[in-house]
file run-v3.cif (mmCIF, C-alpha atoms)
data_my_file
loop_
_atom_site.group_PDB
_atom_site.id
_atom_site.type_symbol
_atom_site.label_atom_id
_atom_site.label_comp_id
_atom_site.auth_asym_id
_atom_site.auth_seq_id
_atom_site.Cartn_x
_atom_site.Cartn_y
_atom_site.Cartn_z
ATOM 1 C CA VAL A 1 35.607 46.116 -157.331
ATOM 2 C CA ALA A 2 33.421 45.502 -160.384
ATOM 3 C CA PHE A 3 31.588 48.744 -159.535
ATOM 4 C CA SER A 4 34.935 50.597 -159.597
ATOM 5 C CA PHE A 5 35.704 49.275 -163.057
ATOM 6 C CA ALA A 6 32.199 50.222 -164.225
ATOM 7 C CA LEU A 7 32.396 53.763 -162.791
ATOM 8 C CA LYS A 8 35.763 54.334 -164.456
ATOM 9 C CA GLY A 9 34.550 52.803 -167.725
ATOM 10 C CA ILE A 10 37.301 50.182 -167.630
ATOM 11 C CA GLU A 11 36.760 46.989 -169.594
ATOM 12 C CA TYR A 12 38.180 43.864 -168.001
ATOM 13 C CA ASP A 13 38.152 40.113 -168.322
ATOM 14 C CA GLN A 14 36.277 38.456 -165.508
ATOM 15 C CA VAL A 15 37.119 34.936 -164.404
ATOM 16 C CA PRO A 16 34.268 33.756 -162.176
ATOM 17 C CA VAL A 17 35.286 32.027 -158.948
ATOM 18 C CA ASN A 18 32.388 30.047 -157.534
ATOM 19 C CA LEU A 19 32.585 30.124 -153.743
ATOM 20 C CA ILE A 20 30.375 27.042 -153.347
ATOM 21 C CA LYS A 21 30.950 24.754 -156.354
ATOM 22 C CA ASP A 22 33.462 21.941 -155.792
ATOM 23 C CA GLY A 23 33.799 22.992 -152.152
ATOM 24 C CA GLY A 24 34.813 26.520 -153.164
ATOM 25 C CA GLN A 25 36.942 27.253 -156.221
ATOM 26 C CA GLN A 26 38.842 29.893 -154.243
ATOM 27 C CA LEU A 27 40.292 27.091 -152.111
ATOM 28 C CA THR A 28 42.302 25.505 -154.929
ATOM 29 C CA GLU A 29 46.097 25.592 -154.943
ATOM 30 C CA GLN A 30 45.962 27.433 -158.279
ATOM 31 C CA TYR A 31 43.832 30.230 -156.831
ATOM 32 C CA LYS A 32 46.003 30.346 -153.714
ATOM 33 C CA THR A 33 48.869 31.563 -155.922
ATOM 34 C CA LEU A 34 46.733 34.607 -156.805
ATOM 35 C CA ASN A 35 45.364 35.244 -153.332
ATOM 36 C CA PRO A 36 47.086 33.495 -150.425
ATOM 37 C CA MET A 37 44.016 34.177 -148.221
ATOM 38 C CA GLN A 38 41.936 32.270 -150.788
ATOM 39 C CA GLN A 39 39.280 34.968 -150.872
ATOM 40 C CA VAL A 40 37.805 36.990 -153.702
ATOM 41 C CA PRO A 41 38.712 39.208 -155.387
ATOM 42 C CA ALA A 42 42.093 38.708 -156.956
ATOM 43 C CA VAL A 43 42.810 41.291 -159.637
ATOM 44 C CA GLU A 44 45.743 41.080 -162.021
ATOM 45 C CA MET A 45 46.657 44.365 -163.688
ATOM 46 C CA ASP A 46 49.791 46.233 -164.650
ATOM 47 C CA GLY A 47 51.954 43.230 -163.797
ATOM 48 C CA ILE A 48 50.791 42.920 -160.184
ATOM 49 C CA THR A 49 48.092 40.969 -158.371
ATOM 50 C CA LEU A 50 45.984 42.711 -155.738
ATOM 51 C CA SER A 51 43.758 40.712 -153.443
ATOM 52 C CA GLN A 52 41.819 43.047 -151.176
ATOM 53 C CA SER A 53 38.932 45.170 -152.451
ATOM 54 C CA LEU A 54 40.034 48.433 -150.831
ATOM 55 C CA ALA A 55 43.553 48.054 -152.220
ATOM 56 C CA VAL A 56 42.162 47.374 -155.696
ATOM 57 C CA ILE A 57 39.800 50.360 -155.542
ATOM 58 C CA GLN A 58 42.577 52.685 -154.396
ATOM 59 C CA TYR A 59 44.958 51.401 -157.073
ATOM 60 C CA ILE A 60 42.367 51.873 -159.819
ATOM 61 C CA ASP A 61 41.644 55.385 -158.556
ATOM 62 C CA GLU A 62 45.324 56.336 -158.453
ATOM 63 C CA THR A 63 46.256 54.877 -161.852
ATOM 64 C CA ARG A 64 43.242 55.313 -164.135
ATOM 65 C CA PRO A 65 41.484 58.395 -165.514
ATOM 66 C CA GLY A 66 37.795 58.974 -164.995
ATOM 67 C CA PRO A 67 35.643 59.884 -162.032
ATOM 68 C CA ARG A 68 37.382 59.787 -158.667
ATOM 69 C CA LEU A 69 36.590 56.739 -156.571
ATOM 70 C CA LEU A 70 37.776 58.463 -153.381
ATOM 71 C CA PRO A 71 37.142 62.136 -152.555
ATOM 72 C CA ALA A 72 39.948 64.647 -153.118
ATOM 73 C CA ASP A 73 39.190 66.341 -149.783
ATOM 74 C CA PRO A 74 41.300 64.669 -147.041
ATOM 75 C CA LYS A 75 38.521 64.885 -144.410
ATOM 76 C CA LYS A 76 35.979 63.234 -146.691
ATOM 77 C CA ARG A 77 38.564 60.673 -147.783
ATOM 78 C CA ALA A 78 39.189 59.834 -144.105
ATOM 79 C CA GLN A 79 35.428 59.414 -143.574
ATOM 80 C CA VAL A 80 35.283 57.110 -146.589
ATOM 81 C CA ARG A 81 38.102 54.997 -145.196
ATOM 82 C CA MET A 82 36.494 54.910 -141.745
ATOM 83 C CA ILE A 83 33.182 53.657 -143.174
ATOM 84 C CA SER A 84 34.915 51.202 -145.510
ATOM 85 C CA ASP A 85 37.052 49.820 -142.689
ATOM 86 C CA LEU A 86 34.024 49.476 -140.404
ATOM 87 C CA ILE A 87 32.306 47.368 -143.059
ATOM 88 C CA ALA A 88 35.407 45.494 -144.261
ATOM 89 C CA SER A 89 36.691 44.731 -140.755
ATOM 90 C CA GLY A 90 33.640 44.808 -138.490
ATOM 91 C CA ILE A 91 30.762 43.441 -140.562
ATOM 92 C CA GLN A 92 31.863 41.533 -143.644
ATOM 93 C CA PRO A 93 34.367 39.058 -142.138
ATOM 94 C CA LEU A 94 31.803 37.826 -139.621
ATOM 95 C CA GLN A 95 29.358 36.909 -142.386
ATOM 96 C CA ASN A 96 31.993 35.602 -144.780
ATOM 97 C CA LEU A 97 31.050 32.257 -146.338
ATOM 98 C CA TYR A 98 34.117 30.565 -144.835
ATOM 99 C CA VAL A 99 33.135 31.687 -141.326
ATOM 100 C CA ILE A 100 29.461 30.815 -141.805
ATOM 101 C CA GLN A 101 30.356 27.288 -142.925
ATOM 102 C CA LYS A 102 32.347 26.740 -139.726
ATOM 103 C CA ILE A 103 29.726 27.823 -137.181
ATOM 104 C CA GLY A 104 27.100 25.150 -137.734
ATOM 105 C CA ALA A 105 23.323 25.342 -137.469
ATOM 106 C CA ASP A 106 22.714 28.960 -136.464
ATOM 107 C CA LYS A 107 24.199 30.507 -139.616
ATOM 108 C CA VAL A 108 21.422 32.992 -140.331
ATOM 109 C CA GLN A 109 21.152 34.130 -136.714
ATOM 110 C CA TRP A 110 24.949 34.499 -136.498
ATOM 111 C CA SER A 111 25.054 36.621 -139.656
ATOM 112 C CA GLN A 112 22.075 38.725 -138.649
ATOM 113 C CA HIS A 113 23.541 39.391 -135.204
ATOM 114 C CA PHE A 114 26.828 40.737 -136.544
ATOM 115 C CA ILE A 115 25.275 42.646 -139.436
ATOM 116 C CA ASP A 116 22.846 44.247 -136.982
ATOM 117 C CA ARG A 117 25.672 45.078 -134.576
ATOM 118 C CA GLY A 118 27.638 46.681 -137.405
ATOM 119 C CA PHE A 119 24.618 48.603 -138.668
ATOM 120 C CA GLN A 120 23.979 49.971 -135.175
ATOM 121 C CA ALA A 121 27.440 51.555 -135.376
ATOM 122 C CA LEU A 122 27.199 52.508 -139.046
ATOM 123 C CA GLU A 123 23.775 54.210 -139.062
ATOM 124 C CA PRO A 124 24.740 57.195 -136.821
ATOM 125 C CA ILE A 125 28.001 57.674 -138.737
ATOM 126 C CA LEU A 126 26.168 57.748 -142.063
ATOM 127 C CA LYS A 127 23.595 60.186 -140.661
ATOM 128 C CA GLN A 128 26.492 62.605 -140.169
ATOM 129 C CA THR A 129 28.408 61.962 -143.410
ATOM 130 C CA ALA A 130 25.738 61.197 -145.990
ATOM 131 C CA GLY A 131 24.451 63.421 -148.699
ATOM 132 C CA LYS A 132 22.968 61.668 -151.687
ATOM 133 C CA TYR A 133 25.610 58.967 -151.124
ATOM 134 C CA CYS A 134 27.563 57.692 -148.106
ATOM 135 C CA VAL A 135 29.859 60.719 -147.892
ATOM 136 C CA GLY A 136 28.511 63.747 -149.711
ATOM 137 C CA ASP A 137 26.770 63.884 -153.061
ATOM 138 C CA GLU A 138 29.189 62.121 -155.392
ATOM 139 C CA VAL A 139 28.982 58.396 -155.992
ATOM 140 C CA ARG A 140 32.128 56.543 -155.001
ATOM 141 C CA ALA A 141 33.105 52.967 -155.716
ATOM 142 C CA TRP A 142 33.491 51.986 -152.081
ATOM 143 C CA SER A 143 29.767 52.764 -151.581
ATOM 144 C CA SER A 144 29.169 49.317 -153.023
ATOM 145 C CA TYR A 145 30.607 47.918 -149.776
ATOM 146 C CA LEU A 146 27.444 49.153 -148.086
ATOM 147 C CA SER A 147 25.200 47.389 -150.553
ATOM 148 C CA ALA A 148 27.157 44.169 -150.272
ATOM 149 C CA THR A 149 26.386 44.111 -146.559
ATOM 150 C CA VAL A 150 22.655 44.705 -147.029
ATOM 151 C CA PHE A 151 22.173 41.995 -149.653
ATOM 152 C CA LYS A 152 19.043 40.125 -148.486
ATOM 153 C CA VAL A 153 19.062 41.948 -145.121
ATOM 154 C CA ASP A 154 16.062 43.890 -143.763
ATOM 155 C CA VAL A 155 17.257 47.458 -143.235
ATOM 156 C CA GLY A 156 13.922 48.909 -142.089
ATOM 157 C CA GLN A 157 15.295 50.044 -138.722
ATOM 158 C CA TYR A 158 18.218 51.814 -140.431
ATOM 159 C CA PRO A 159 16.651 54.587 -142.542
ATOM 160 C CA THR A 160 19.929 56.111 -143.724
ATOM 161 C CA ILE A 161 21.390 52.760 -144.775
ATOM 162 C CA LYS A 162 18.097 51.889 -146.493
ATOM 163 C CA ARG A 163 17.993 55.193 -148.411
ATOM 164 C CA LEU A 164 21.636 54.946 -149.484
ATOM 165 C CA ASN A 165 21.195 51.364 -150.655
ATOM 166 C CA GLN A 166 18.110 52.306 -152.690
ATOM 167 C CA THR A 167 20.039 55.192 -154.269
ATOM 168 C CA LEU A 168 22.865 52.843 -155.266
ATOM 169 C CA LEU A 169 20.413 50.416 -156.848
ATOM 170 C CA GLU A 170 19.381 53.165 -159.307
ATOM 171 C CA ILE A 171 22.896 53.614 -160.752
ATOM 172 C CA GLU A 172 23.524 51.717 -163.998
ATOM 173 C CA ALA A 173 27.185 50.987 -163.146
ATOM 174 C CA PHE A 174 26.003 49.469 -159.887
ATOM 175 C CA LYS A 175 23.266 47.399 -161.530
ATOM 176 C CA VAL A 176 25.678 45.760 -163.974
ATOM 177 C CA SER A 177 28.271 45.072 -161.265
ATOM 178 C CA HIS A 178 25.865 43.809 -158.590
ATOM 179 C CA PRO A 179 26.471 40.197 -157.484
ATOM 180 C CA SER A 180 23.020 39.186 -158.746
ATOM 181 C CA SER A 181 23.975 40.347 -162.266
ATOM 182 C CA GLN A 182 27.216 38.389 -162.596
ATOM 183 C CA PRO A 183 27.535 35.603 -165.180
ATOM 184 C CA ASP A 184 28.169 32.908 -162.573
ATOM 185 C CA THR A 185 25.234 33.844 -160.327
ATOM 186 C CA PRO A 186 22.817 30.923 -159.922
ATOM 187 C CA ALA A 187 19.513 31.474 -161.733
ATOM 188 C CA ASP A 188 17.505 31.671 -158.496
ATOM 189 C CA LEU A 189 19.662 34.599 -157.274
ATOM 190 C CA ARG A 190 19.775 36.604 -160.516
ATOM 191 C CA ALA A 191 18.376 40.125 -160.671
#
call {"tool": "encode", "arguments": {"input": "run-v3.cif", "output": "structure tokens"}}
result
Amino acid sequence: VAFSFALKGIEYDQVPVNLIKDGGQQLTEQYKTLNPMQQVPAVEMDGITLSQSLAVIQYIDETRPGPRLLPADPKKRAQVRMISDLIASGIQPLQNLYVIQKIGADKVQWSQHFIDRGFQALEPILKQTAGKYCVGDEVRAWSSYLSATVFKVDVGQYPTIKRLNQTLLEIEAFKVSHPSSQPDTPADLRA
């Protein structure tokens, strides 16, 4: 979501929500009023609160000027949504901090298994859709979903995912919005 704001040149006030401190600040009753699922993000704008990244990205794209975050072409837009849904539904939830905390000792192996399984499905799709970026040659905000899934993951066996992630890491809007660049990131995880 931060990448979407950066691409559109939108200034915003960020309220960090530490997912670990105090047992997880997203689990407070106060935060639950913003996001009943007690997950990040929760974005308040234009008198509404949105709590899922794809919904926020689409809302920003539909209501703010600037570069498009989703392609105008319906076929490319469908490919974007397919890739985003694969990541948001098939990879990310299985490595979510809440899930990882519940599974016990094999946290890393659990995460790696499901990331790998998702990447096995994602790599051939991206081989077909990718140009310079995930779908074609224009950077789109939802591309940051891909990078979020490869954070600290070896992508050597997935050349398309590796190339796309490296391309994203060169974009200034991505650098400033990357999790390792956020004000509440612990010093040992900073970029």
call {"tool": "atom_distance", "arguments": {"input": "run-v3.cif", "atom1": "atom CA of A:Lys32", "atom2": "atom CA of A:Glu62"}}
result
26.4 Å
call {"tool": "residues_around", "arguments": {"input": "run-v3.cif", "residues": "A:Pro41", "least_positions_apart": "3", "cutoff": "12 Å", "atoms": "only C-alpha atoms", "output": "PDB file with C-alpha atoms, in the coordinates of the input"}}
result
ATOM      1  CA  VAL A   1      35.607  46.116-157.331  1.00  0.00           C
ATOM      2  CA  ALA A   2      33.421  45.502-160.384  1.00  0.00           C
ATOM      3  CA  GLN A  14      36.277  38.456-165.508  1.00  0.00           C
ATOM      4  CA  VAL A  15      37.119  34.936-164.404  1.00  0.00           C
ATOM      5  CA  PRO A  16      34.268  33.756-162.176  1.00  0.00           C
ATOM      6  CA  VAL A  17      35.286  32.027-158.948  1.00  0.00           C
ATOM      7  CA  ASN A  18      32.388  30.047-157.534  1.00  0.00           C
ATOM      8  CA  LEU A  19      32.585  30.124-153.743  1.00  0.00           C
ATOM      9  CA  GLN A  26      38.842  29.893-154.243  1.00  0.00           C
ATOM     10  CA  TYR A  31      43.832  30.230-156.831  1.00  0.00           C
ATOM     11  CA  LYS A  32      46.003  30.346-153.714  1.00  0.00           C
ATOM     12  CA  LEU A  34      46.733  34.607-156.805  1.00  0.00           C
ATOM     13  CA  ASN A  35      45.364  35.244-153.332  1.00  0.00           C
ATOM     14  CA  PRO A  36      47.086  33.495-150.425  1.00  0.00           C
ATOM     15  CA  MET A  37      44.016  34.177-148.221  1.00  0.00           C
ATOM     16  CA  GLN A  38      41.936  32.270-150.788  1.00  0.00           C
ATOM     17  CA  GLU A  44      45.743  41.080-162.021  1.00  0.00           C
ATOM     18  CA  THR A  49      48.092  40.969-158.371  1.00  0.00           C
ATOM     19  CA  LEU A  50      45.984  42.711-155.738  1.00  0.00           C
ATOM     20  CA  SER A  51      43.758  40.712-153.443  1.00  0.00           C
ATOM     21  CA  GLN A  52      41.819  43.047-151.176  1.00  0.00           C
ATOM     22  CA  SER A  53      38.932  45.170-152.451  1.00  0.00           C
ATOM     23  CA  LEU A  54      40.034  48.433-150.831  1.00  0.00           C
ATOM     24  CA  ALA A  55      43.553  48.054-152.220  1.00  0.00           C
ATOM     25  CA  VAL A  56      42.162  47.374-155.696  1.00  0.00           C
ATOM     26  CA  ILE A  57      39.800  50.360-155.542  1.00  0.00           C
TER      27      ILE A  57
END
call {"tool": "closest_residue", "arguments": {"input": "run-v3.cif", "among": "A:Met45, A:Ile161, A:Met82, A:Val139", "to": "A:Leu69", "atoms": "only C-alpha atoms"}}
result
A:Val139
call {"tool": "resolve_selection", "arguments": {"input": "run-v3.cif", "expression": "the PyMOL selection byres ((chain A and resi 64) around 12)", "output": "ChimeraX atom specification"}}
result
/A:4-5,7-11,45-46,56-63,65-69
call {"tool": "atom_distance", "arguments": {"input": "run-v3.cif", "atom1": "atom CA of A:Glu123", "atom2": "atom CA of A:Ala6"}}
result
26.8 Å
call {"tool": "atom_distance", "arguments": {"input": "run-v3.cif", "atom1": "atom CA of A:Cys134", "atom2": "atom CA of A:Ile115"}}
result
17.5 Å
call {"tool": "closest_residue", "arguments": {"input": "run-v3.cif", "among": "A:Ile100, A:Val135, A:Leu146, A:Ile20", "to": "A:Leu86", "atoms": "all atoms listed in the file"}}
result
A:Leu146
call {"tool": "closest_residue", "arguments": {"input": "run-v3.cif", "among": "A:Leu27, A:Leu97, A:Ala88, A:Val155", "to": "A:Asp116", "atoms": "all atoms listed in the file"}}
result
A:Val155
call {"tool": "residues_near_point", "arguments": {"input": "run-v3.cif", "point": "(17.4, 51.4, -151.1)", "cutoff": "12 Å", "atoms": "all atoms listed in the file", "output": "PyMOL selection string"}}
result
chain A and resi 132-133+146-147+150-156+158-171
call {"tool": "closest_residue", "arguments": {"input": "run-v3.cif", "among": "A:Gly90, A:Gly24, A:Pro124, A:Gly131", "to": "A:Ser111", "atoms": "only C-alpha atoms"}}
result
A:Gly90
call {"tool": "closest_residue", "arguments": {"input": "run-v3.cif", "among": "A:Phe3, A:Arg140, A:Phe114, A:Gln157", "to": "A:Arg77", "atoms": "all atoms listed in the file"}}
result
A:Arg140
call {"tool": "decode", "arguments": {"input": "run-v3.cif", "residues": "stretch 58-93 of chain A", "atoms": "N, CA and C atoms", "output": "mmCIF file, in the first residue's frame"}}
result
data_model
loop_
_atom_site.group_PDB
_atom_site.id
_atom_site.type_symbol
_atom_site.label_atom_id
_atom_site.label_comp_id
_atom_site.auth_asym_id
_atom_site.auth_seq_id
_atom_site.Cartn_x
_atom_site.Cartn_y
_atom_site.Cartn_z
ATOM 1 N N GLN A 58 -6.850 -0.563 -5.177
ATOM 2 C CA GLN A 58 -7.876 -0.279 -6.183
ATOM 3 C C GLN A 58 -8.571 1.046 -5.896
ATOM 4 N N TYR A 59 -8.855 1.324 -4.635
ATOM 5 C CA TYR A 59 -9.508 2.587 -4.283
ATOM 6 C C TYR A 59 -8.612 3.774 -4.633
ATOM 7 N N ILE A 60 -7.347 3.693 -4.279
ATOM 8 C CA ILE A 60 -6.408 4.768 -4.608
ATOM 9 C C ILE A 60 -6.366 4.979 -6.118
ATOM 10 N N ASP A 61 -6.298 3.889 -6.861
ATOM 11 C CA ASP A 61 -6.223 3.982 -8.323
ATOM 12 C C ASP A 61 -7.471 4.634 -8.908
ATOM 13 N N GLU A 62 -8.629 4.310 -8.358
ATOM 14 C CA GLU A 62 -9.890 4.812 -8.898
ATOM 15 C C GLU A 62 -10.217 6.233 -8.460
ATOM 16 N N THR A 63 -9.561 6.729 -7.403
ATOM 17 C CA THR A 63 -9.939 8.040 -6.868
ATOM 18 C C THR A 63 -8.836 9.089 -6.912
ATOM 19 N N ARG A 64 -7.637 8.729 -7.300
ATOM 20 C CA ARG A 64 -6.528 9.681 -7.269
ATOM 21 C C ARG A 64 -5.861 9.772 -8.636
ATOM 22 N N PRO A 65 -5.440 11.002 -9.007
ATOM 23 C CA PRO A 65 -4.719 11.153 -10.277
ATOM 24 C C PRO A 65 -3.314 10.570 -10.161
ATOM 25 N N GLY A 66 -2.652 10.489 -11.289
ATOM 26 C CA GLY A 66 -1.286 9.975 -11.300
ATOM 27 C C GLY A 66 -1.214 8.694 -12.091
ATOM 28 N N PRO A 67 -0.071 8.055 -12.075
ATOM 29 C CA PRO A 67 0.084 6.821 -12.850
ATOM 30 C C PRO A 67 -0.919 5.760 -12.406
ATOM 31 N N ARG A 68 -1.393 5.000 -13.378
ATOM 32 C CA ARG A 68 -2.352 3.926 -13.073
ATOM 33 C C ARG A 68 -1.662 2.831 -12.267
ATOM 34 N N LEU A 69 -2.356 2.331 -11.273
ATOM 35 C CA LEU A 69 -1.843 1.235 -10.463
ATOM 36 C C LEU A 69 -2.278 -0.115 -11.013
ATOM 37 N N LEU A 70 -3.342 -0.116 -11.801
ATOM 38 C CA LEU A 70 -3.824 -1.305 -12.507
ATOM 39 C C LEU A 70 -3.897 -0.963 -13.986
ATOM 40 N N PRO A 71 -3.603 -1.909 -14.871
ATOM 41 C CA PRO A 71 -3.640 -1.625 -16.307
ATOM 42 C C PRO A 71 -5.049 -1.260 -16.779
ATOM 43 N N ALA A 72 -5.121 -0.431 -17.810
ATOM 44 C CA ALA A 72 -6.413 -0.078 -18.409
ATOM 45 C C ALA A 72 -6.979 -1.253 -19.201
ATOM 46 N N ASP A 73 -6.107 -2.032 -19.829
ATOM 47 C CA ASP A 73 -6.534 -3.170 -20.643
ATOM 48 C C ASP A 73 -7.161 -4.245 -19.753
ATOM 49 N N PRO A 74 -8.408 -4.675 -20.054
ATOM 50 C CA PRO A 74 -9.084 -5.647 -19.185
ATOM 51 C C PRO A 74 -8.368 -6.993 -19.073
ATOM 52 N N LYS A 75 -7.704 -7.451 -20.142
ATOM 53 C CA LYS A 75 -6.984 -8.729 -20.069
ATOM 54 C C LYS A 75 -5.788 -8.618 -19.126
ATOM 55 N N LYS A 76 -5.039 -7.531 -19.259
ATOM 56 C CA LYS A 76 -3.892 -7.337 -18.368
ATOM 57 C C LYS A 76 -4.350 -7.122 -16.929
ATOM 58 N N ARG A 77 -5.451 -6.394 -16.767
ATOM 59 C CA ARG A 77 -5.988 -6.168 -15.424
ATOM 60 C C ARG A 77 -6.401 -7.504 -14.788
ATOM 61 N N ALA A 78 -6.988 -8.391 -15.581
ATOM 62 C CA ALA A 78 -7.360 -9.721 -15.077
ATOM 63 C C ALA A 78 -6.116 -10.516 -14.684
ATOM 64 N N GLN A 79 -5.040 -10.400 -15.469
ATOM 65 C CA GLN A 79 -3.793 -11.090 -15.124
ATOM 66 C C GLN A 79 -3.224 -10.542 -13.815
ATOM 67 N N VAL A 80 -3.284 -9.227 -13.664
ATOM 68 C CA VAL A 80 -2.824 -8.596 -12.429
ATOM 69 C C VAL A 80 -3.598 -9.148 -11.237
ATOM 70 N N ARG A 81 -4.905 -9.210 -11.377
ATOM 71 C CA ARG A 81 -5.733 -9.699 -10.268
ATOM 72 C C ARG A 81 -5.470 -11.178 -9.984
ATOM 73 N N MET A 82 -5.238 -11.957 -11.034
ATOM 74 C CA MET A 82 -4.933 -13.375 -10.854
ATOM 75 C C MET A 82 -3.639 -13.537 -10.047
ATOM 76 N N ILE A 83 -2.599 -12.816 -10.439
ATOM 77 C CA ILE A 83 -1.310 -12.901 -9.749
ATOM 78 C C ILE A 83 -1.444 -12.391 -8.314
ATOM 79 N N SER A 84 -2.115 -11.263 -8.153
ATOM 80 C CA SER A 84 -2.308 -10.693 -6.813
ATOM 81 C C SER A 84 -3.075 -11.646 -5.914
ATOM 82 N N ASP A 85 -4.136 -12.247 -6.449
ATOM 83 C CA ASP A 85 -4.922 -13.193 -5.650
ATOM 84 C C ASP A 85 -4.122 -14.445 -5.307
ATOM 85 N N LEU A 86 -3.299 -14.923 -6.237
ATOM 86 C CA LEU A 86 -2.464 -16.087 -5.957
ATOM 87 C C LEU A 86 -1.559 -15.791 -4.759
ATOM 88 N N ILE A 87 -0.954 -14.610 -4.765
ATOM 89 C CA ILE A 87 -0.059 -14.238 -3.667
ATOM 90 C C ILE A 87 -0.856 -13.967 -2.390
ATOM 91 N N ALA A 88 -1.916 -13.150 -2.515
ATOM 92 C CA ALA A 88 -2.679 -12.740 -1.331
ATOM 93 C C ALA A 88 -3.453 -13.893 -0.698
ATOM 94 N N SER A 89 -3.862 -14.867 -1.501
ATOM 95 C CA SER A 89 -4.659 -15.976 -0.965
ATOM 96 C C SER A 89 -3.870 -17.270 -0.804
ATOM 97 N N GLY A 90 -2.889 -17.504 -1.674
ATOM 98 C CA GLY A 90 -2.203 -18.785 -1.685
ATOM 99 C C GLY A 90 -0.831 -18.813 -1.056
ATOM 100 N N ILE A 91 -0.198 -17.646 -0.905
ATOM 101 C CA ILE A 91 1.151 -17.618 -0.329
ATOM 102 C C ILE A 91 1.162 -16.853 0.991
ATOM 103 N N GLN A 92 0.753 -15.610 0.959
ATOM 104 C CA GLN A 92 0.896 -14.734 2.114
ATOM 105 C C GLN A 92 0.193 -15.231 3.376
ATOM 106 N N PRO A 93 -1.052 -15.679 3.326
ATOM 107 C CA PRO A 93 -1.707 -16.071 4.583
ATOM 108 C C PRO A 93 -1.003 -17.218 5.308
#
